[in-house]
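For reference, the structure discussed in these notes is given below.
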Amino acid sequence: MDKIVIPGDKLASSIEYLPGNGVYEENGDIFASVSGTLIENMEEMTISVKPCIGTPTELSLGQVIIGKVKKITEAVAVMEIVMVRNEKRFFDANGRDGSVHVSNVSDEFVKDMRDQISLGDIVQAKILGMEGRIDLGTDGPEYGIIFSRCKKSNLPLKKEGNVLKCEQSERTYRGKISTEYGSIRF
């Protein structure tokens with residue numbers, strides 16, 4: 001299965017690979033500069049990104065999106081929409097943000113959004129409304145956090161039951177975790 005990357009994704013160390021097309025090097029690491037498919041050439045030891053081409057996907061009611069949390073308050077999590085699930089065409093986010101209100105995060109009562117989702121989390125959500133702004137919801141077992149990093153070690157968290165755990169720091173995190181945590185490649 002092809003791995004899809006988005007601008008800013010860390011792909012490798014410049015010790016491992018030489019940068020190819022669609023990537024840039026910064027402080028010894030190689031990052032994606034475009035959205036597309038990751039290409040690793042083991043013969044030439046290069047890493048590149050084949051850009052997505054074609055007509056971009058338009059957002060519509062009911063679509064499932066993947067977003068990165070960039071701002072969070074007691075009542076709202078604001079996400080940069082980075083891709084639309086199950087779309088073969090690319091999504092030109094062009095700075096498009098969506099927001100999840102605390103009333104749409106879970107089937108259960110939630111007092112504070114920060115207890116459910118954290119800054120930097122990658123979240124799967126459904127588009128609930130598009131009148132002037134993009135309203136998202138994560139109620140339902142398949143919606144919620146699909147990837148997160150430890151706030152101390154910055155390592156990817158592993159799902160253990162109903163919590164996310166860092167293997168290095170042994171910290172645990174609770175929240176609105178998707179049943180698809182760790183299984184979605186983006």
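Chain labels run A, B, ... following the order of the structure tokens; each chain numbers its residues from 1, and ligands are numbered from 1 in the order shown.
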
Excluding same-chain residues fewer than 3 positions from Lys158 (chain A), what lies within 8 Å of it counting only C-alpha atoms, as a PyMOL selection string? chain A and resi 164-167+182

Please produce a file of those selected residues containing N, CA and C atoms, as a CSV table (one decimal), in the first residue's frame.
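Writing the result to again-v5.csv gives the following:
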```csv
chain,number,residue,atom,x,y,z
A,164,LEU,N,-3.7,5.7,25.3
A,164,LEU,CA,-2.5,5.7,24.5
A,164,LEU,C,-1.3,5.8,25.4
A,165,LYS,N,-0.3,5.0,25.1
A,165,LYS,CA,0.9,4.9,26.0
A,165,LYS,C,2.2,5.1,25.3
A,166,CYS,N,3.1,5.9,25.9
A,166,CYS,CA,4.5,6.1,25.4
A,166,CYS,C,5.3,5.0,26.0
A,167,GLU,N,6.0,4.2,25.1
A,167,GLU,CA,6.8,3.1,25.6
A,167,GLU,C,8.1,3.6,26.3
A,182,GLY,N,-3.9,4.1,14.6
A,182,GLY,CA,-2.7,3.4,14.2
A,182,GLY,C,-2.9,2.5,12.9
```

All residues 10 Å or closer to Ser153 (chain A), only C-alpha atoms, same chain fewer than 3 positions away omitted, as a PDB file with N, CA, C and O atoms, in the first residue's frame:
```pdb
ATOM      1  N   ARG A 149       1.506  11.790  19.409  1.00  0.00           N
ATOM      2  CA  ARG A 149       2.874  11.654  19.918  1.00  0.00           C
ATOM      3  C   ARG A 149       2.906  12.010  21.398  1.00  0.00           C
ATOM      4  O   ARG A 149       2.121  12.840  21.856  1.00  0.00           O
ATOM      5  N   CYS A 150       3.842  11.410  22.107  1.00  0.00           N
ATOM      6  CA  CYS A 150       4.067  11.708  23.521  1.00  0.00           C
ATOM      7  C   CYS A 150       4.520  13.156  23.654  1.00  0.00           C
ATOM      8  O   CYS A 150       5.388  13.612  22.905  1.00  0.00           O
ATOM      9  N   PRO A 156       5.823   8.233  18.795  1.00  0.00           N
ATOM     10  CA  PRO A 156       4.433   7.849  18.542  1.00  0.00           C
ATOM     11  C   PRO A 156       3.872   7.047  19.715  1.00  0.00           C
ATOM     12  O   PRO A 156       4.568   6.215  20.307  1.00  0.00           O
ATOM     13  N   LEU A 157       2.619   7.309  20.050  1.00  0.00           N
ATOM     14  CA  LEU A 157       1.956   6.590  21.134  1.00  0.00           C
ATOM     15  C   LEU A 157       1.354   5.295  20.615  1.00  0.00           C
ATOM     16  O   LEU A 157       0.897   5.227  19.470  1.00  0.00           O
ATOM     17  N   CYS A 166       3.110   5.869  25.925  1.00  0.00           N
ATOM     18  CA  CYS A 166       4.454   6.060  25.403  1.00  0.00           C
ATOM     19  C   CYS A 166       5.336   4.965  25.982  1.00  0.00           C
ATOM     20  O   CYS A 166       5.408   4.811  27.207  1.00  0.00           O
ATOM     21  N   GLU A 167       6.003   4.225  25.111  1.00  0.00           N
ATOM     22  CA  GLU A 167       6.843   3.127  25.577  1.00  0.00           C
ATOM     23  C   GLU A 167       8.087   3.619  26.307  1.00  0.00           C
ATOM     24  O   GLU A 167       8.607   2.938  27.175  1.00  0.00           O
ATOM     25  N   GLN A 168       8.581   4.814  25.973  1.00  0.00           N
ATOM     26  CA  GLN A 168       9.789   5.330  26.616  1.00  0.00           C
ATOM     27  C   GLN A 168       9.489   5.992  27.962  1.00  0.00           C
ATOM     28  O   GLN A 168      10.071   5.647  28.973  1.00  0.00           O
ATOM     29  N   SER A 169       8.570   6.960  27.960  1.00  0.00           N
ATOM     30  CA  SER A 169       8.298   7.709  29.188  1.00  0.00           C
ATOM     31  C   SER A 169       7.266   7.016  30.077  1.00  0.00           C
ATOM     32  O   SER A 169       7.096   7.406  31.226  1.00  0.00           O
ATOM     33  N   GLU A 170       6.560   6.028  29.523  1.00  0.00           N
ATOM     34  CA  GLU A 170       5.490   5.285  30.200  1.00  0.00           C
ATOM     35  C   GLU A 170       4.301   6.165  30.580  1.00  0.00           C
ATOM     36  O   GLU A 170       3.467   5.773  31.378  1.00  0.00           O
ATOM     37  N   ARG A 171       4.224   7.359  30.000  1.00  0.00           N
ATOM     38  CA  ARG A 171       3.057   8.218  30.215  1.00  0.00           C
ATOM     39  C   ARG A 171       1.865   7.629  29.477  1.00  0.00           C
ATOM     40  O   ARG A 171       2.018   7.023  28.417  1.00  0.00           O
TER      41      ARG A 171
END
```

Quick one: residues within 8 Å of Val49 (chain A), only C-alpha atoms, excluding same-chain residues fewer than 6 positions away - as a PDB file with all heavy atoms, in the first residue's frame?
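File written: result.pdb
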```
ATOM      1  N   VAL A   5       1.833  11.237   1.907  1.00  0.00           N
ATOM      2  CA  VAL A   5       2.432  12.205   2.818  1.00  0.00           C
ATOM      3  C   VAL A   5       1.914  13.595   2.493  1.00  0.00           C
ATOM      4  O   VAL A   5       1.400  13.837   1.396  1.00  0.00           O
ATOM      5  CB  VAL A   5       3.983  12.171   2.739  1.00  0.00           C
ATOM      6  CG1 VAL A   5       4.515  10.826   3.197  1.00  0.00           C
ATOM      7  CG2 VAL A   5       4.482  12.491   1.342  1.00  0.00           C
ATOM      8  N   GLY A  20      15.266  13.933  -2.908  1.00  0.00           N
ATOM      9  CA  GLY A  20      14.889  13.930  -4.320  1.00  0.00           C
ATOM     10  C   GLY A  20      13.844  15.005  -4.582  1.00  0.00           C
ATOM     11  O   GLY A  20      13.790  16.022  -3.886  1.00  0.00           O
ATOM     12  N   ASN A  21      12.977  14.774  -5.563  1.00  0.00           N
ATOM     13  CA  ASN A  21      11.926  15.724  -5.918  1.00  0.00           C
ATOM     14  C   ASN A  21      10.819  15.726  -4.865  1.00  0.00           C
ATOM     15  O   ASN A  21      10.485  14.691  -4.291  1.00  0.00           O
ATOM     16  CB  ASN A  21      11.319  15.365  -7.277  1.00  0.00           C
ATOM     17  CG  ASN A  21      12.319  15.529  -8.394  1.00  0.00           C
ATOM     18  OD1 ASN A  21      13.179  16.398  -8.342  1.00  0.00           O
ATOM     19  ND2 ASN A  21      12.216  14.680  -9.404  1.00  0.00           N
ATOM     20  N   GLY A  22      10.255  16.904  -4.645  1.00  0.00           N
ATOM     21  CA  GLY A  22       9.108  17.022  -3.752  1.00  0.00           C
ATOM     22  C   GLY A  22       9.449  16.966  -2.276  1.00  0.00           C
ATOM     23  O   GLY A  22       8.562  16.771  -1.438  1.00  0.00           O
ATOM     24  N   VAL A  23      10.735  17.143  -1.930  1.00  0.00           N
ATOM     25  CA  VAL A  23      11.161  17.133  -0.537  1.00  0.00           C
ATOM     26  C   VAL A  23      12.156  18.261  -0.297  1.00  0.00           C
ATOM     27  O   VAL A  23      12.673  18.852  -1.245  1.00  0.00           O
ATOM     28  CB  VAL A  23      11.806  15.782  -0.133  1.00  0.00           C
ATOM     29  CG1 VAL A  23      10.848  14.624  -0.364  1.00  0.00           C
ATOM     30  CG2 VAL A  23      13.108  15.541  -0.866  1.00  0.00           C
ATOM     31  N   ALA A  32       8.575  16.348   3.499  1.00  0.00           N
ATOM     32  CA  ALA A  32       7.777  16.477   2.277  1.00  0.00           C
ATOM     33  C   ALA A  32       7.480  17.949   2.026  1.00  0.00           C
ATOM     34  O   ALA A  32       7.122  18.679   2.954  1.00  0.00           O
ATOM     35  CB  ALA A  32       6.472  15.700   2.414  1.00  0.00           C
ATOM     36  N   VAL A  34       5.429  18.648  -0.762  1.00  0.00           N
ATOM     37  CA  VAL A  34       4.152  18.549  -1.482  1.00  0.00           C
ATOM     38  C   VAL A  34       3.368  17.358  -0.959  1.00  0.00           C
ATOM     39  O   VAL A  34       3.936  16.448  -0.349  1.00  0.00           O
ATOM     40  CB  VAL A  34       4.367  18.386  -3.010  1.00  0.00           C
ATOM     41  CG1 VAL A  34       5.046  19.597  -3.613  1.00  0.00           C
ATOM     42  CG2 VAL A  34       5.139  17.126  -3.333  1.00  0.00           C
ATOM     43  N   SER A  35       2.070  17.341  -1.206  1.00  0.00           N
ATOM     44  CA  SER A  35       1.249  16.174  -0.894  1.00  0.00           C
ATOM     45  C   SER A  35       1.423  15.161  -2.012  1.00  0.00           C
ATOM     46  O   SER A  35       1.484  15.530  -3.185  1.00  0.00           O
ATOM     47  CB  SER A  35      -0.229  16.551  -0.805  1.00  0.00           C
ATOM     48  OG  SER A  35      -0.447  17.401   0.283  1.00  0.00           O
ATOM     49  N   GLY A  36       1.510  13.896  -1.649  1.00  0.00           N
ATOM     50  CA  GLY A  36       1.653  12.871  -2.675  1.00  0.00           C
ATOM     51  C   GLY A  36       2.081  11.536  -2.107  1.00  0.00           C
ATOM     52  O   GLY A  36       1.958  11.271  -0.911  1.00  0.00           O
ATOM     53  N   THR A  37       2.615  10.693  -2.994  1.00  0.00           N
ATOM     54  CA  THR A  37       3.025   9.337  -2.647  1.00  0.00           C
ATOM     55  C   THR A  37       4.521   9.305  -2.365  1.00  0.00           C
ATOM     56  O   THR A  37       5.318   9.803  -3.152  1.00  0.00           O
ATOM     57  CB  THR A  37       2.701   8.373  -3.816  1.00  0.00           C
ATOM     58  OG1 THR A  37       1.316   8.496  -4.145  1.00  0.00           O
ATOM     59  CG2 THR A  37       3.004   6.938  -3.441  1.00  0.00           C
ATOM     60  N   LEU A  38       4.892   8.695  -1.241  1.00  0.00           N
ATOM     61  CA  LEU A  38       6.290   8.566  -0.849  1.00  0.00           C
ATOM     62  C   LEU A  38       6.992   7.558  -1.756  1.00  0.00           C
ATOM     63  O   LEU A  38       6.490   6.459  -1.988  1.00  0.00           O
ATOM     64  CB  LEU A  38       6.382   8.097   0.606  1.00  0.00           C
ATOM     65  CG  LEU A  38       7.782   7.912   1.175  1.00  0.00           C
ATOM     66  CD1 LEU A  38       8.502   9.243   1.258  1.00  0.00           C
ATOM     67  CD2 LEU A  38       7.700   7.257   2.542  1.00  0.00           C
ATOM     68  N   ILE A  39       8.158   7.936  -2.291  1.00  0.00           N
ATOM     69  CA  ILE A  39       8.964   7.065  -3.154  1.00  0.00           C
ATOM     70  C   ILE A  39      10.353   6.911  -2.528  1.00  0.00           C
ATOM     71  O   ILE A  39      11.061   7.900  -2.336  1.00  0.00           O
ATOM     72  CB  ILE A  39       9.135   7.664  -4.576  1.00  0.00           C
ATOM     73  CG1 ILE A  39       7.789   8.038  -5.195  1.00  0.00           C
ATOM     74  CG2 ILE A  39       9.954   6.732  -5.459  1.00  0.00           C
ATOM     75  CD1 ILE A  39       6.899   6.867  -5.528  1.00  0.00           C
TER      76      ILE A  39
END
```

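The residue that comes closest to Pro7 (chain A), out of A:Glu40, A:Glu131, A:Gln124, A:Cys52 and on the basis of only C-alpha atoms, is A:Cys52.
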
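You will find CA of Phe31 (chain A) at 22.6 Å from CA of Lys71 (chain A).
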
Mind checking which residues fall within 12 Å of Ser106 (chain A), counting only C-alpha atoms, ignoring those fewer than 6 positions away in the same chain, and posting them as an MDAnalysis selection string? chainID A and resid 100 112:113 115:117 125 136:145 175:178

Using only C-alpha atoms, the best pick from A:Ser118, A:Gln63, A:Ser14, A:Asn104 as closest to Ile47 (chain A) would be A:Ser14

When you look at region 73-80 of chain A with a cut-off of 8 Å (counting only C-alpha atoms), what residues show up, excluding the ones that are within fewer than 3 positions of it in the same chain? I need them as a PyMOL selection string. chain A and resi 67-70+93+95-102+111-114+117

Create the file for the chosen residues now, containing N, CA, C and O atoms and written as a compact mmCIF listing (two decimals), in the first residue's frame.
```txt
# COMPACT_ATOMS: atom_id res chain seq x y z
N GLY A 67 -7.52 15.54 9.95
CA GLY A 67 -7.05 16.88 10.29
C GLY A 67 -6.02 16.84 11.40
O GLY A 67 -5.96 15.90 12.19
N LYS A 68 -5.21 17.89 11.43
CA LYS A 68 -4.20 18.04 12.48
C LYS A 68 -4.64 19.18 13.40
O LYS A 68 -4.87 20.29 12.94
N VAL A 69 -4.74 18.89 14.69
CA VAL A 69 -5.20 19.89 15.66
C VAL A 69 -4.14 20.98 15.81
O VAL A 69 -2.99 20.71 16.12
N LYS A 70 -4.56 22.23 15.53
CA LYS A 70 -3.62 23.34 15.60
C LYS A 70 -3.97 24.36 16.67
O LYS A 70 -3.16 25.20 17.01
N ALA A 93 -5.98 21.75 0.46
CA ALA A 93 -6.53 22.36 1.67
C ALA A 93 -6.49 23.88 1.60
O ALA A 93 -7.42 24.54 2.04
N GLY A 95 -5.14 26.04 3.35
CA GLY A 95 -5.41 26.68 4.63
C GLY A 95 -6.81 26.45 5.16
O GLY A 95 -7.26 27.19 6.03
N ARG A 96 -7.52 25.46 4.68
CA ARG A 96 -8.89 25.20 5.14
C ARG A 96 -8.85 24.57 6.52
O ARG A 96 -8.18 23.57 6.75
N ASP A 97 -9.57 25.16 7.42
CA ASP A 97 -9.68 24.65 8.78
C ASP A 97 -11.10 24.19 9.04
O ASP A 97 -12.05 24.69 8.45
N GLY A 98 -11.22 23.26 9.95
CA GLY A 98 -12.52 22.82 10.43
C GLY A 98 -12.46 22.83 11.95
O GLY A 98 -11.38 22.82 12.54
N SER A 99 -13.62 22.85 12.59
CA SER A 99 -13.63 22.86 14.04
C SER A 99 -14.63 21.85 14.60
O SER A 99 -15.69 21.64 14.03
N VAL A 100 -14.22 21.24 15.71
CA VAL A 100 -15.08 20.32 16.44
C VAL A 100 -15.49 21.03 17.73
O VAL A 100 -14.63 21.40 18.54
N HIS A 101 -16.79 21.23 17.90
CA HIS A 101 -17.30 21.81 19.14
C HIS A 101 -17.39 20.70 20.18
O HIS A 101 -17.62 19.53 19.84
N VAL A 102 -17.22 21.05 21.43
CA VAL A 102 -17.23 20.06 22.52
C VAL A 102 -18.51 19.21 22.52
O VAL A 102 -18.48 18.05 22.91
N LYS A 111 -17.03 17.93 29.29
CA LYS A 111 -16.96 19.28 29.87
C LYS A 111 -15.86 20.11 29.21
O LYS A 111 -16.04 21.29 28.95
N ASP A 112 -14.70 19.49 28.95
CA ASP A 112 -13.54 20.23 28.44
C ASP A 112 -12.92 19.47 27.27
O ASP A 112 -12.49 18.32 27.42
N MET A 113 -12.86 20.10 26.11
CA MET A 113 -12.31 19.49 24.89
C MET A 113 -10.88 19.01 25.11
O MET A 113 -10.46 17.99 24.56
N ARG A 114 -10.12 19.74 25.93
CA ARG A 114 -8.71 19.40 26.16
C ARG A 114 -8.53 18.06 26.87
O ARG A 114 -7.43 17.51 26.88
N ILE A 117 -8.89 15.68 23.19
CA ILE A 117 -8.00 15.86 22.04
C ILE A 117 -6.90 16.83 22.44
O ILE A 117 -7.14 17.75 23.21
```

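The spacing separating CA of Ile65 (chain A) from CA of Leu119 (chain A) amounts to 17.2 Å.
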
Looking only at the backbone, which of the residues in region 55-158 of chain A does DSSP tag as strand (DSSP E), as a PyMOL selection string? chain A and resi 64-72+76-84+97-101+122-129+134-137+144-147+158

Next, the residues of the selection above should be written as a compact mmCIF listing (two decimals), in the first residue's frame with N, CA, C and O atoms.
```txt
# COMPACT_ATOMS: atom_id res chain seq x y z
N VAL A 64 -15.60 12.18 5.29
CA VAL A 64 -14.69 11.92 6.40
C VAL A 64 -13.35 12.55 6.05
O VAL A 64 -12.80 12.31 4.98
N ILE A 65 -12.84 13.35 6.97
CA ILE A 65 -11.57 14.05 6.74
C ILE A 65 -10.54 13.64 7.79
O ILE A 65 -10.89 13.10 8.85
N ILE A 66 -9.29 13.91 7.48
CA ILE A 66 -8.20 13.77 8.43
C ILE A 66 -7.68 15.18 8.68
O ILE A 66 -7.43 15.93 7.73
N GLY A 67 -7.52 15.54 9.95
CA GLY A 67 -7.05 16.88 10.29
C GLY A 67 -6.02 16.84 11.40
O GLY A 67 -5.96 15.90 12.19
N LYS A 68 -5.21 17.89 11.43
CA LYS A 68 -4.20 18.04 12.48
C LYS A 68 -4.64 19.18 13.40
O LYS A 68 -4.87 20.29 12.94
N VAL A 69 -4.74 18.89 14.69
CA VAL A 69 -5.20 19.89 15.66
C VAL A 69 -4.14 20.98 15.81
O VAL A 69 -2.99 20.71 16.12
N LYS A 70 -4.56 22.23 15.53
CA LYS A 70 -3.62 23.34 15.60
C LYS A 70 -3.97 24.36 16.67
O LYS A 70 -3.16 25.20 17.01
N LYS A 71 -5.18 24.27 17.22
CA LYS A 71 -5.59 25.16 18.31
C LYS A 71 -6.67 24.44 19.10
O LYS A 71 -7.52 23.76 18.52
N ILE A 72 -6.61 24.60 20.41
CA ILE A 72 -7.62 23.94 21.25
C ILE A 72 -7.98 24.80 22.44
O ILE A 72 -7.11 25.45 23.03
N VAL A 76 -13.63 24.16 21.92
CA VAL A 76 -13.44 23.89 20.49
C VAL A 76 -12.02 23.42 20.19
O VAL A 76 -11.06 23.90 20.77
N ALA A 77 -11.93 22.46 19.24
CA ALA A 77 -10.63 22.08 18.66
C ALA A 77 -10.65 22.49 17.20
O ALA A 77 -11.57 22.14 16.46
N VAL A 78 -9.66 23.29 16.79
CA VAL A 78 -9.54 23.73 15.41
C VAL A 78 -8.48 22.87 14.73
O VAL A 78 -7.39 22.69 15.26
N MET A 79 -8.84 22.33 13.56
CA MET A 79 -7.95 21.44 12.82
C MET A 79 -7.69 21.96 11.43
O MET A 79 -8.60 22.46 10.77
N GLU A 80 -6.45 21.79 10.99
CA GLU A 80 -6.12 22.01 9.59
C GLU A 80 -6.52 20.73 8.86
O GLU A 80 -6.04 19.65 9.19
N ILE A 81 -7.40 20.84 7.88
CA ILE A 81 -7.82 19.66 7.12
C ILE A 81 -6.71 19.31 6.15
O ILE A 81 -6.32 20.13 5.32
N VAL A 82 -6.18 18.09 6.26
CA VAL A 82 -5.05 17.70 5.43
C VAL A 82 -5.42 16.69 4.34
O VAL A 82 -4.70 16.58 3.35
N MET A 83 -6.50 15.95 4.53
CA MET A 83 -6.92 15.04 3.47
C MET A 83 -8.35 14.59 3.67
O MET A 83 -8.91 14.71 4.76
N VAL A 84 -8.94 14.08 2.59
CA VAL A 84 -10.27 13.51 2.61
C VAL A 84 -10.11 12.00 2.49
O VAL A 84 -9.39 11.53 1.60
N ASP A 97 -9.57 25.16 7.42
CA ASP A 97 -9.68 24.65 8.78
C ASP A 97 -11.10 24.19 9.04
O ASP A 97 -12.05 24.69 8.45
N GLY A 98 -11.22 23.26 9.95
CA GLY A 98 -12.52 22.82 10.43
C GLY A 98 -12.46 22.83 11.95
O GLY A 98 -11.38 22.82 12.54
N SER A 99 -13.62 22.85 12.59
CA SER A 99 -13.63 22.86 14.04
C SER A 99 -14.63 21.85 14.60
O SER A 99 -15.69 21.64 14.03
N VAL A 100 -14.22 21.24 15.71
CA VAL A 100 -15.08 20.32 16.44
C VAL A 100 -15.49 21.03 17.73
O VAL A 100 -14.63 21.40 18.54
N HIS A 101 -16.79 21.23 17.90
CA HIS A 101 -17.30 21.81 19.14
C HIS A 101 -17.39 20.70 20.18
O HIS A 101 -17.62 19.53 19.84
N ILE A 122 -3.54 13.91 15.28
CA ILE A 122 -4.14 13.70 13.96
C ILE A 122 -5.49 13.03 14.22
O ILE A 122 -5.56 11.99 14.88
N VAL A 123 -6.55 13.64 13.70
CA VAL A 123 -7.91 13.24 14.05
C VAL A 123 -8.71 12.93 12.79
O VAL A 123 -8.60 13.62 11.78
N GLN A 124 -9.52 11.88 12.88
CA GLN A 124 -10.48 11.55 11.81
C GLN A 124 -11.84 12.09 12.26
O GLN A 124 -12.27 11.82 13.38
N ALA A 125 -12.49 12.87 11.39
CA ALA A 125 -13.77 13.48 11.74
C ALA A 125 -14.69 13.49 10.53
O ALA A 125 -14.25 13.29 9.39
N LYS A 126 -15.95 13.76 10.78
CA LYS A 126 -16.96 13.81 9.72
C LYS A 126 -17.43 15.26 9.57
O LYS A 126 -17.60 15.96 10.57
N ILE A 127 -17.65 15.69 8.33
CA ILE A 127 -18.14 17.05 8.08
C ILE A 127 -19.64 17.09 8.38
O ILE A 127 -20.43 16.37 7.77
N LEU A 128 -20.01 17.94 9.36
CA LEU A 128 -21.40 18.06 9.79
C LEU A 128 -22.09 19.29 9.19
O LEU A 128 -23.30 19.31 9.05
N GLY A 129 -21.31 20.31 8.89
CA GLY A 129 -21.88 21.55 8.37
C GLY A 129 -20.85 22.36 7.62
O GLY A 129 -19.65 22.26 7.89
N ILE A 134 -16.46 25.24 8.50
CA ILE A 134 -16.58 23.78 8.39
C ILE A 134 -16.72 23.21 9.80
O ILE A 134 -15.79 23.28 10.60
N ASP A 135 -17.91 22.68 10.09
CA ASP A 135 -18.18 22.06 11.39
C ASP A 135 -17.93 20.57 11.28
O ASP A 135 -18.41 19.91 10.35
N LEU A 136 -17.16 20.05 12.23
CA LEU A 136 -16.79 18.64 12.24
C LEU A 136 -17.32 17.95 13.48
O LEU A 136 -17.59 18.60 14.49
N GLY A 137 -17.43 16.63 13.40
CA GLY A 137 -17.84 15.84 14.55
C GLY A 137 -17.01 14.59 14.67
O GLY A 137 -16.56 14.03 13.66
N GLY A 144 -12.13 10.19 15.82
CA GLY A 144 -11.32 10.61 16.95
C GLY A 144 -9.85 10.57 16.58
O GLY A 144 -9.48 10.62 15.40
N ILE A 145 -9.00 10.45 17.59
CA ILE A 145 -7.55 10.47 17.39
C ILE A 145 -7.12 9.20 16.65
O ILE A 145 -7.44 8.09 17.07
N ILE A 146 -6.38 9.38 15.53
CA ILE A 146 -5.85 8.23 14.79
C ILE A 146 -4.33 8.15 14.88
O ILE A 146 -3.73 7.15 14.52
N PHE A 147 -3.70 9.24 15.38
CA PHE A 147 -2.26 9.26 15.59
C PHE A 147 -1.92 10.37 16.57
O PHE A 147 -2.47 11.47 16.49
N LYS A 158 1.32 4.27 21.46
CA LYS A 158 0.72 2.98 21.13
C LYS A 158 -0.61 2.88 21.86
O LYS A 158 -0.73 3.29 23.02
```

Pairwise distance, CA of Met45 (chain A) with CA of Ile15 (chain A), equals 10.0 Å

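For the choices A:Ile184, A:Met130, A:Ala12, A:Val163, the atom-to-atom distance to Ser60 (chain A) is smallest for A:Met130 when using only C-alpha atoms.
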